[in-house]
Structure formats: C-alpha cells, structure tokens
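**Q** Supplied structure: upload.json, JSON, C-alpha atoms.
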[["chain", "number", "residue", "atom", "x", "y", "z"],
["K", 1, "MET", "CA", -169.06, 6.23, 65.15],
["K", 2, "GLN", "CA", -168.65, 7.79, 68.61],
["K", 3, "PRO", "CA", -166.54, 4.89, 69.99],
["K", 4, "GLU", "CA", -164.43, 4.98, 66.83],
["K", 5, "ARG", "CA", -163.76, 8.71, 67.20],
["K", 6, "THR", "CA", -162.86, 8.20, 70.85],
["K", 7, "ALA", "CA", -160.46, 5.37, 69.98],
["K", 8, "LEU", "CA", -158.81, 7.58, 67.38],
["K", 9, "ALA", "CA", -158.52, 10.41, 69.93],
["K", 10, "TRP", "CA", -156.77, 8.00, 72.31],
["K", 11, "GLN", "CA", -154.40, 6.84, 69.60],
["K", 12, "ARG", "CA", -153.56, 10.43, 68.59],
["K", 13, "THR", "CA", -152.85, 11.29, 72.21],
["K", 14, "VAL", "CA", -150.60, 8.27, 72.80],
["K", 15, "LEU", "CA", -148.80, 9.00, 69.54],
["K", 16, "GLY", "CA", -148.34, 12.61, 70.65],
["K", 17, "VAL", "CA", -146.83, 11.53, 73.97],
["K", 18, "VAL", "CA", -144.43, 9.15, 72.21],
["K", 19, "VAL", "CA", -143.38, 11.79, 69.65],
["K", 20, "GLY", "CA", -142.92, 14.35, 72.44],
["K", 21, "ALA", "CA", -140.78, 11.89, 74.38],
["K", 22, "LEU", "CA", -138.68, 11.18, 71.29],
["K", 23, "LEU", "CA", -138.24, 14.92, 70.71],
["K", 24, "LEU", "CA", -137.06, 15.41, 74.28],
["K", 25, "ALA", "CA", -134.78, 12.36, 74.10],
["K", 26, "GLY", "CA", -133.22, 13.66, 70.86],
["K", 27, "ALA", "CA", -132.67, 17.09, 72.37],
["K", 28, "GLY", "CA", -131.17, 15.52, 75.49],
["K", 29, "LEU", "CA", -128.85, 13.37, 73.38],
["K", 30, "ARG", "CA", -127.62, 16.39, 71.46],
["K", 31, "SER", "CA", -126.86, 18.30, 74.64],
["K", 32, "GLY", "CA", -125.38, 15.23, 76.37],
["K", 33, "SER", "CA", -127.93, 15.12, 79.21],
["K", 34, "THR", "CA", -128.21, 11.44, 80.17],
["K", 35, "VAL", "CA", -130.90, 12.03, 82.80],
["K", 36, "THR", "CA", -133.14, 13.80, 80.27],
["K", 37, "VAL", "CA", -132.68, 11.01, 77.73],
["K", 38, "CYS", "CA", -133.46, 8.27, 80.28],
["K", 39, "ALA", "CA", -136.56, 10.08, 81.59],
["K", 40, "ALA", "CA", -137.86, 10.78, 78.09],
["K", 41, "VAL", "CA", -137.33, 7.18, 76.96],
["K", 42, "ALA", "CA", -139.08, 5.91, 80.10],
["K", 43, "VAL", "CA", -142.10, 8.13, 79.39],
["K", 44, "GLY", "CA", -142.20, 6.95, 75.76],
["K", 45, "VAL", "CA", -142.07, 3.29, 76.79],
["K", 46, "LEU", "CA", -144.69, 3.75, 79.51],
["K", 47, "ALA", "CA", -147.01, 5.38, 76.97],
["K", 48, "LEU", "CA", -146.40, 2.96, 74.14],
["K", 49, "VAL", "CA", -146.29, -0.46, 75.80],
["K", 50, "PRO", "CA", -149.81, -0.40, 77.35],
["K", 51, "ALA", "CA", -151.20, 1.05, 74.11],
["K", 52, "VAL", "CA", -149.71, -1.83, 72.12],
["K", 53, "LEU", "CA", -150.62, -4.57, 74.60],
["K", 54, "ARG", "CA", -154.18, -3.31, 75.06],
["K", 55, "PRO", "CA", -155.05, -0.83, 72.31],
["K", 56, "PRO", "CA", -157.78, 1.64, 73.25],
["K", 57, "THR", "CA", -160.83, 0.63, 71.22],
["K", 58, "GLY", "CA", -163.19, 3.27, 72.56],
["K", 59, "GLY", "CA", -165.91, 0.64, 72.68],
["K", 60, "LEU", "CA", -168.30, 0.07, 75.54],
["K", 61, "PRO", "CA", -167.71, -3.05, 77.64],
["K", 62, "GLY", "CA", -170.47, -5.66, 77.87],
["K", 63, "HIS", "CA", -172.11, -4.09, 80.91],
["K", 64, "GLY", "CA", -172.27, -0.69, 79.19],
["K", 65, "ARG", "CA", -170.09, 1.24, 81.61],
["K", 66, "LEU", "CA", -167.10, 3.34, 80.59],
["K", 67, "TYR", "CA", -163.84, 3.27, 82.53],
["K", 68, "SER", "CA", -162.11, 6.49, 81.52],
["K", 69, "TRP", "CA", -160.64, 7.90, 84.70],
["K", 70, "SER", "CA", -157.63, 5.61, 85.26],
["K", 71, "PHE", "CA", -156.56, 5.86, 81.60],
["K", 72, "LEU", "CA", -156.94, 9.64, 81.63],
["K", 73, "VAL", "CA", -154.93, 9.92, 84.84],
["K", 74, "ARG", "CA", -152.19, 7.74, 83.35],
["K", 75, "VAL", "CA", -151.83, 9.70, 80.13],
["K", 76, "ALA", "CA", -152.06, 13.09, 81.88],
["K", 77, "SER", "CA", -149.39, 11.97, 84.38],
["K", 78, "LEU", "CA", -147.06, 11.03, 81.54],
["K", 79, "VAL", "CA", -147.55, 14.47, 79.97],
["K", 80, "VAL", "CA", -146.85, 16.12, 83.34],
["K", 81, "VAL", "CA", -143.64, 14.07, 83.77],
["K", 82, "LEU", "CA", -142.55, 15.02, 80.25],
["K", 83, "ALA", "CA", -143.31, 18.68, 80.99],
["K", 84, "VAL", "CA", -141.39, 18.67, 84.27],
["K", 85, "VAL", "CA", -138.34, 17.04, 82.65],
["K", 86, "GLY", "CA", -138.47, 19.56, 79.78],
["K", 87, "ALA", "CA", -138.93, 22.51, 82.16],
["K", 88, "VAL", "CA", -136.08, 21.42, 84.45],
["K", 89, "TRP", "CA", -133.81, 20.99, 81.47],
["K", 90, "ALA", "CA", -134.75, 24.37, 79.93],
["K", 91, "LEU", "CA", -134.56, 26.30, 83.20],
["K", 92, "GLY", "CA", -131.30, 24.55, 84.12],
["K", 93, "ARG", "CA", -129.84, 25.76, 80.84],
["K", 94, "ALA", "CA", -131.15, 29.28, 81.50],
["K", 95, "LEU", "CA", -129.58, 29.33, 84.97],
["K", 96, "GLY", "CA", -126.34, 27.95, 83.58],
["K", 97, "ALA", "CA", -126.26, 30.68, 80.95],
["K", 98, "ALA", "CA", -126.94, 33.43, 83.51],
["U", 1, "MET", "CA", -185.79, 7.90, 94.17],
["U", 2, "ALA", "CA", -183.06, 10.39, 95.12],
["U", 3, "PRO", "CA", -180.70, 11.38, 92.28],
["U", 4, "ASP", "CA", -177.69, 10.11, 94.22],
["U", 5, "GLU", "CA", -178.96, 6.52, 94.38],
["U", 6, "PRO", "CA", -178.43, 3.89, 91.67],
["U", 7, "GLY", "CA", -181.49, 2.56, 89.88],
["U", 8, "ALA", "CA", -183.22, -0.57, 91.19],
["U", 9, "GLY", "CA", -181.84, -3.81, 89.77],
["U", 10, "GLU", "CA", -178.56, -2.24, 88.58],
["U", 11, "PRO", "CA", -175.29, -3.73, 89.87],
["U", 12, "ALA", "CA", -173.36, -1.54, 92.31],
["U", 13, "ASP", "CA", -171.10, 0.96, 90.57],
["U", 14, "THR", "CA", -167.57, 0.59, 91.95],
["U", 15, "ARG", "CA", -165.84, 2.87, 89.46],
["U", 16, "ARG", "CA", -163.46, 5.63, 90.55],
["U", 17, "PRO", "CA", -163.56, 8.53, 91.28],
["U", 18, "ARG", "CA", -166.44, 8.15, 93.73],
["U", 19, "SER", "CA", -167.06, 11.91, 93.66],
["U", 20, "VAL", "CA", -168.25, 11.38, 90.06],
["U", 21, "TYR", "CA", -169.64, 7.84, 89.92],
["U", 22, "GLY", "CA", -171.14, 8.02, 93.39],
["U", 23, "VAL", "CA", -173.72, 10.60, 92.34],
["U", 24, "GLY", "CA", -176.54, 10.81, 89.81],
["U", 25, "SER", "CA", -177.41, 8.29, 87.12],
["U", 26, "GLU", "CA", -175.67, 6.93, 84.04],
["U", 27, "PRO", "CA", -175.86, 9.47, 81.17],
["U", 28, "ASP", "CA", -176.11, 8.62, 77.47],
["U", 29, "ALA", "CA", -172.80, 6.94, 76.56],
["U", 30, "ARG", "CA", -172.37, 9.36, 73.65],
["U", 31, "PHE", "CA", -172.10, 12.28, 76.06],
["U", 32, "SER", "CA", -169.54, 10.46, 78.22],
["U", 33, "LEU", "CA", -167.50, 9.56, 75.15],
["U", 34, "ALA", "CA", -167.63, 13.20, 73.98],
["U", 35, "ASN", "CA", -166.46, 14.28, 77.44],
["U", 36, "GLU", "CA", -163.59, 11.81, 77.23],
["U", 37, "ARG", "CA", -162.55, 13.17, 73.83],
["U", 38, "THR", "CA", -162.67, 16.73, 75.15],
["U", 39, "ALA", "CA", -160.37, 15.77, 78.03],
["U", 40, "LEU", "CA", -158.01, 14.09, 75.56],
["U", 41, "ALA", "CA", -158.04, 17.26, 73.44],
["U", 42, "TRP", "CA", -156.94, 19.24, 76.52],
["U", 43, "VAL", "CA", -154.17, 16.70, 77.17],
["U", 44, "ARG", "CA", -153.00, 17.11, 73.58],
["U", 45, "THR", "CA", -153.07, 20.91, 73.95],
["U", 46, "GLY", "CA", -150.81, 20.60, 76.98],
["U", 47, "LEU", "CA", -148.62, 18.18, 75.07],
["U", 48, "GLY", "CA", -148.36, 20.70, 72.21],
["U", 49, "LEU", "CA", -147.10, 23.35, 74.61],
["U", 50, "VAL", "CA", -144.57, 20.90, 76.09],
["U", 51, "ALA", "CA", -143.38, 19.91, 72.60],
["U", 52, "GLY", "CA", -143.12, 23.60, 71.64],
["U", 53, "GLY", "CA", -141.06, 24.33, 74.75],
["U", 54, "VAL", "CA", -138.74, 21.39, 74.10],
["U", 55, "ALA", "CA", -138.37, 22.44, 70.45],
["U", 56, "LEU", "CA", -137.56, 26.00, 71.51],
["U", 57, "THR", "CA", -134.85, 24.85, 73.94],
["U", 58, "SER", "CA", -133.52, 22.45, 71.34],
["U", 59, "PHE", "CA", -133.35, 25.26, 68.80],
["U", 60, "ALA", "CA", -131.68, 27.56, 71.34],
["U", 61, "THR", "CA", -129.06, 24.84, 71.96],
["U", 62, "PHE", "CA", -128.47, 24.37, 68.27],
["U", 63, "ALA", "CA", -128.27, 28.10, 67.45],
["U", 64, "ASP", "CA", -126.40, 29.01, 70.65],
["U", 65, "MET", "CA", -129.04, 31.57, 71.63],
["U", 66, "PRO", "CA", -129.28, 33.37, 75.00],
["U", 67, "GLY", "CA", -131.04, 32.07, 78.11],
["U", 68, "VAL", "CA", -134.23, 34.11, 77.73],
["U", 69, "LEU", "CA", -135.54, 31.57, 75.21],
["U", 70, "ASP", "CA", -134.85, 28.79, 77.69],
["U", 71, "VAL", "CA", -136.95, 30.62, 80.28],
["U", 72, "VAL", "CA", -139.82, 30.97, 77.78],
["U", 73, "ALA", "CA", -139.45, 27.27, 76.93],
["U", 74, "GLY", "CA", -139.50, 26.27, 80.59],
["U", 75, "VAL", "CA", -142.63, 28.33, 81.20],
["U", 76, "ALA", "CA", -144.30, 26.75, 78.14],
["U", 77, "CYS", "CA", -143.52, 23.28, 79.52],
["U", 78, "LEU", "CA", -144.94, 24.12, 82.95],
["U", 79, "VAL", "CA", -148.10, 25.64, 81.43],
["U", 80, "GLY", "CA", -148.44, 22.47, 79.34],
["U", 81, "ALA", "CA", -148.30, 20.41, 82.52],
["U", 82, "GLY", "CA", -150.99, 22.66, 83.96],
["U", 83, "PHE", "CA", -153.28, 21.98, 81.01],
["U", 84, "ALA", "CA", -152.76, 18.22, 81.34],
["U", 85, "GLY", "CA", -153.90, 18.55, 84.94],
["U", 86, "TYR", "CA", -156.80, 20.78, 83.90],
["U", 87, "ALA", "CA", -157.96, 18.01, 81.53],
["U", 88, "LEU", "CA", -158.65, 15.79, 84.56],
["U", 89, "VAL", "CA", -160.42, 18.56, 86.49],
["U", 90, "SER", "CA", -162.53, 19.45, 83.46],
["U", 91, "TRP", "CA", -163.47, 15.81, 82.76],
["U", 92, "ARG", "CA", -164.52, 15.33, 86.37],
["U", 93, "ARG", "CA", -166.66, 18.50, 86.47],
["U", 94, "ASN", "CA", -168.35, 17.72, 83.14],
["U", 95, "GLU", "CA", -169.04, 14.07, 83.94],
["U", 96, "ARG", "CA", -170.52, 15.02, 87.28],
["U", 97, "ALA", "CA", -172.78, 17.59, 85.62],
["U", 98, "LEU", "CA", -173.87, 15.00, 83.04],
["U", 99, "ARG", "CA", -174.72, 12.47, 85.73],
["U", 100, "LEU", "CA", -176.67, 15.00, 87.75],
["U", 101, "ARG", "CA", -178.47, 16.27, 84.62],
["U", 102, "ARG", "CA", -177.18, 19.78, 85.27],
["U", 103, "ARG", "CA", -175.86, 22.41, 82.89],
["U", 104, "LEU", "CA", -172.26, 21.90, 81.83],
["U", 105, "PRO", "CA", -169.81, 24.26, 83.55],
["U", 106, "ALA", "CA", -168.11, 26.97, 81.46],
["U", 107, "PRO", "CA", -164.70, 25.97, 80.06],
["U", 108, "SER", "CA", -162.61, 28.12, 82.42],
["U", 109, "GLY", "CA", -159.33, 26.93, 80.89],
["U", 110, "LEU", "CA", -160.10, 28.38, 77.47],
["U", 111, "PRO", "CA", -159.59, 32.10, 78.28],
["U", 112, "VAL", "CA", -156.38, 31.20, 80.15],
["U", 113, "LEU", "CA", -155.11, 29.26, 77.13],
["U", 114, "VAL", "CA", -155.91, 32.09, 74.69],
["U", 115, "ALA", "CA", -154.33, 34.73, 76.96],
["U", 116, "GLY", "CA", -151.25, 32.55, 77.51],
["U", 117, "VAL", "CA", -150.71, 31.92, 73.81],
["U", 118, "VAL", "CA", -151.11, 35.66, 73.04],
["U", 119, "VAL", "CA", -148.62, 36.62, 75.79],
["U", 120, "LEU", "CA", -146.16, 33.96, 74.59],
["U", 121, "ALA", "CA", -146.47, 35.16, 70.99],
["U", 122, "LEU", "CA", -145.96, 38.80, 72.03],
["U", 123, "LEU", "CA", -142.91, 37.88, 74.14],
["U", 124, "LEU", "CA", -141.30, 35.97, 71.29],
["U", 125, "ALA", "CA", -142.19, 38.70, 68.75],
["U", 126, "GLY", "CA", -140.72, 41.36, 71.06],
["U", 127, "TYR", "CA", -137.59, 39.30, 71.50],
["U", 128, "ALA", "CA", -137.25, 38.78, 67.73],
["U", 129, "VAL", "CA", -137.75, 42.49, 66.95],
["U", 130, "GLY", "CA", -135.34, 43.47, 69.75],
["U", 131, "SER", "CA", -132.70, 41.05, 68.45],
["U", 132, "ALA", "CA", -133.10, 42.23, 64.85],
["U", 133, "SER", "CA", -132.83, 45.93, 65.72],
["U", 134, "GLY", "CA", -129.99, 45.48, 68.22],
["U", 135, "PRO", "CA", -126.27, 46.04, 67.46]]
Show me the file's structure as structure tokens.

**A**
Amino acid sequence: MQPERTALAWQRTVLGVVVGALLLAGAGLRSGSTVTVCAAVAVGVLALVPAVLRPPTGGLPGHGRLYSWSFLVRVASLVVVLAVVGAVWALGRALGAA
Amino acid sequence: MAPDEPGAGEPADTRRPRSVYGVGSEPDARFSLANERTALAWVRTGLGLVAGGVALTSFATFADMPGVLDVVAGVACLVGAGFAGYALVSWRRNERALRLRRRLPAPSGLPVLVAGVVVLALLLAGYAVGSASGP
C-alpha cells in the first residue's frame, strides 16, 4: 500500500500544480496580462505532459532503489515559478495602484 | 565496515544528490516512501499558499479593491515558494538521517508555517474590520 499512497500523493501534487496554473492563467486573462497567461500555461504543460507520458506509479524499480530527487526538484521548481509569476503580478498591481 | 561505504556485492550507487546517497546504507523502502510523501505534502502546502495568493489578487481585481490585498497576495505567493524550497531541504535532511540510522531532525518549517498563517489571518481580519468600520 505504501507505493500506492506515494503514487496518489504524486498525482495530487501534479493535479494541484495544473489547477494552480489554470487559476493563474484565468486571472491573467481577466486582467489582460499576456505574460502571466503564457507563463502559467507553460507551467501547466510542463507539469502535465511528463505526468501523462510517464505517470508516477510510486513503485520500486527492479533493483529496489528509489529515484525521488529529480522528480521532487522538478515539481518544486514548477511551484516556485508559479509563485514568482503570481507574486510579480500581485506586487506589480500593488505598485500600480500606489 | 564504515557507515559511509556501500555493502559488499552491491552495485555502485550513482543516484543524486551525492550528499544523501553517498553516505550510510539503504533504509527500509517504506521509510523512504514516507519521506517522499512528506516532501510532497510540503510542496502542496506551498502550492496552497500560492493558489490562495492568486485567488486573493484575482478577487481584488474583480472587486476593484485597494493595493494592500495585492501586497498580502504577493507575500503569500513568495512564502509558498519558500515552502516548496523547504520541501527539498527537508527531504534531503530526513533521507540522510534515515541512511545514517540517526534520529530524524525536528520539522523546523512547521512553527514558521503556523506563525505565518496566524499573521496572515490577523492581517486580513484587521483589514476586514477596518474596512467595515471605516466611512
């Protein structure tokens, strides 16, 4: 059951990144910010495509060794990119309003 | 045999990062999987903060609200990015401790998260009360 729970955790995380990217893209569309929309769509695609092509199964490979680091770095980087785009957009609006 | 050396007869471990896989011995896979899920939970926590910040800015755009909410949203996004980075640091520390058969380090990000959420909630509550009681 442990590999199954890990696979589900991966799928929840990827789904979260895609939903977050869609949220940001929708907000960017409404405010007419093309850069925000493009960046958000790119993050969504980069999260979704590898997950569809090679879905995380959470299972151990034949030699019994886990390879977590590169996948963790990838998903954390996508969240950081999403956060930076969102922060720049929000703070840009705040500075524009000031 | 020293704890930093692989067991006899095992193939060389070429996994990255070397600061983790270059030390100790392979722990029970269940512990490594649990560590991976914990890191993913931290990533999702960061993602939740980012989504909350984006939703707040989106709402401020829709309702034509002042810039203070945008500042709060921007800070939430940046803190979310920080937690995504913390997920990697935490995974690395825990995996290293598991491999070296040491005690797991304390989750130092947890008090920061709780304090941050409380401060954010107080800021937003103060802003809401101030707006309601204003002219």

**Q** Rounded to one decimal, what separation in Å do you get between atom CA of K:Arg5 and atom CA of U:Arg44?

**A** 15.1 Å

**Q** Enter the distance from atom CA of K:Gly16 to atom CA of K:Val88, in Å, rounded to one decimal.

**A**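 One can read the atom CA of K:Gly16 to atom CA of K:Val88 distance as 20.5 Å.
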
**Q** Chain K residues within 9 Å of chain U, counting all atoms listed in the file: which ones, as number ranges by chain?

**A** K: 2-3, 5-7, 9-10, 12-13, 16-17, 19-21, 23-24, 26-28, 30-31, 58, 60, 64-70, 72-73, 75-77, 79-98

**Q** Could you work out how far atom CA of K:Leu78 lies from atom CA of K:Ala47, giving the answer in Å with one decimal?

**A**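 Atom-to-atom, atom CA of K:Ala47 to atom CA of K:Leu78, that is 7.3 Å.
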
**Q** List as a ChimeraX atom specification the protein and nucleic acid residues near U:Arg99, meaning an atom at most 8 Å away when all atoms listed in the file are counted, but skip any in the same chain fewer than 3 places from it.

**A** /U:20,23-27,95-96,102

**Q** With all atoms listed in the file as the atoms that count, which of K:Ser33, K:Ala25, K:Ala42, K:Phe71 lies nearest to K:Arg54?

**A**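 Closest to K:Arg54 of all the choices is K:Phe71.
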